[in-house]
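A quick write-up on the structure given underneath.
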Amino acid sequence: MAMATTIRNAASRRAMSPISVDFSLRSMSSWWKNVEPAPKDPILGVTEAFLADPSPEKVNVGVGAYRDDNGKPVVLECVREAERRIAGSSFMEYLPMGGSVKMVEETLKLAYGDNSEFIKDKRIAAVQSLSGTGACRLFADFQKRFCPGSQIYIPVPTWSNHHNIWRDAQVPQKTYHYYHPETKGLDFSGLMDDVKNAPEGSFFLLHACAHNPTGVDPTDEQWREISQLFKAKKHFAFFDMAYQGFASGDPARDAKSIRIFLEDGHHIGISQSYAKNMGLYGQRVGCLSVLCEDEKQAVTVKSQLQQLARPMYSNPPLHGAHIVSTILGDPELKSLWLKEVKIMADRIIGMRTTLKESLEKLGSPLSWEHVTKQIGMFCYSGLTPEQVDRLTSEYHIYMTRNGRISMAGVTTGNVGYLANAIHEVTKSSS
């Protein structure tokens with residue numbers, strides 16, 4: 001009997017063995033056979049092409065990272081001093097899932113105000129995030145989990161990664177009018193029509209200031225009208241504030257859109273980042289906050305945000321958060337930061353004026369008023385993809401093909417060359 005059982009088991013193993021062998025061979029040779037190369041990022045690909053160009057005249061106005069007037073990266077003095085102060089720290093433990101409590105507290109003051117009643121009443125659910133990108137992604141996943149039938153309205157145009165974030169969170173996307181190509185300004189009537197026609201209770205992504213890529217922001221009065229219409233339609237506003245302080249040089253001024261919505265009684269969400277305004281690009285320091293009904297709801301929402309963060313990255317990084325909390329928590333360092341962020345903003349504003357005046361002096365038949373009317377790191381130039389291609393092939397000037405110029409890459413040393421090249425490729429299109 002035992003022998004018969006052994007024979008049957010052996011026969012069973014022989015019958016199964018060809019399948020196992022085939023599967024094993026397949027797994028070693030073709031697991032990833034169907035994987036196609038990912039398309040190049042339209043922004044980061046510009047830098048790759050720029051670095052590969054041997055021309056001494058090459059100019060990179062593609063990537064949104066601040067440069068001084070010599071075209072060099074900048075480490076703010078307030079950041080250097082903060083690093084000196086924390087250099088002796090031996091704390092290398094994990095931060096809580098919600099991140100640095102001190103950093104989050106100081107960050108909320110920047111967005112909601114130093115004397116915000118919402119902060120005092122503990123109505124804000126907030127966690128440290130992996131810069132602004134991480135804050136947006138965390139909120140997108142939160143939206144998907146707790147409002148599974150909802151969609152997000154995104155402006156046309158917007159930062160290209162916004163679409164990637166909500167797509168990968170599996171939140172359906174719709175778009176709303178924002179930029180008017182003919183005026184190179186805000187399509188306010190189109191925006192308001194889309195807000196009005198969206199289903200009641202829709203989610204909208206709004207740029208708090210220095211809209212990327214256009215540099216076109218609503219006026220305060222337009223923000224008030226937008227806020228009132230949002231209130232009538234019961235829409236939810238999610239603000240991406242990547243450039244606070246970097247737009248006008250005044251963080252409070254750049255948070256005006258948010259303050260208007262708060263004054264009107266909205267419950268909003270905010271993504272904040274210290275990449276641009278503190279130059280902490282590689283530290284990935286940011287914050288996600290959601291204004292809630294009361295303290296109890298805020299505790300609940302924060303617990304769920306932390307739960308979403310746990311399988312993504314568990315805990316946010318320590319060093320950048322330590323830098324931010326050191327700067328914002330010290331009156332002297334915070335004052336220095338406010339001076340330095342204004343210097344950065346003023347340099348960009350000055351380069352806008354110089355670029356516009358240079359084009360006018362060259363006799364350009366086109367209007368370049370939009371260069372100085374727009375604000376922030378980017379100028380939406382109005383250049384066509386074909387004109388951008390000519391700038392690259394003939395003048396070694398690199399930017400994204402939608403005509404977005406990173407004003408941070410414009411200096412007193414290259415603005416004349418840039419203006420002349422733009423004039424040459426556009427003078428036949430008047």
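In the structure tokens, chains take letters A, B, ... by order of appearance, with residues numbered from 1 within each chain and ligands from 1 in the order shown.
For A:Leu206, the non-local neighbours within 9 Å, defined as residues at least 4 positions apart in the same chain or in other chains and counting only C-alpha atoms, are Tyr153, Ile154, Pro155, His211, Ala237, Phe238, Phe239, Asp240 and Met241 of chain A.
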Who sits within 7 Å of A:Ser100, only C-alpha atoms, same chain under 5 positions skipped, as a PyMOL selection string:
chain A and resi 95+128+321
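If only C-alpha atoms are the atoms counted, then among A:Leu391, A:Val171, A:Leu108, A:Ala52 the closest residue to A:Phe146 is A:Val171.
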Give me the residues near A:Glu332 as a PyMOL selection string, where near means some atom within 12 Å (using only C-alpha atoms) and where sequence neighbours in that chain fewer than 4 positions away do not count.
chain A and resi 77-78+81-82+326-328+336-339
Please provide the set of residues having any atom within 12 Å of A:Asn164, restricted to only C-alpha atoms, with same-chain residues fewer than 2 positions apart removed, written as an NGL selection string.
:A and (41 or 133 or 136-137 or 140 or 154 or 158-162 or 166-173)
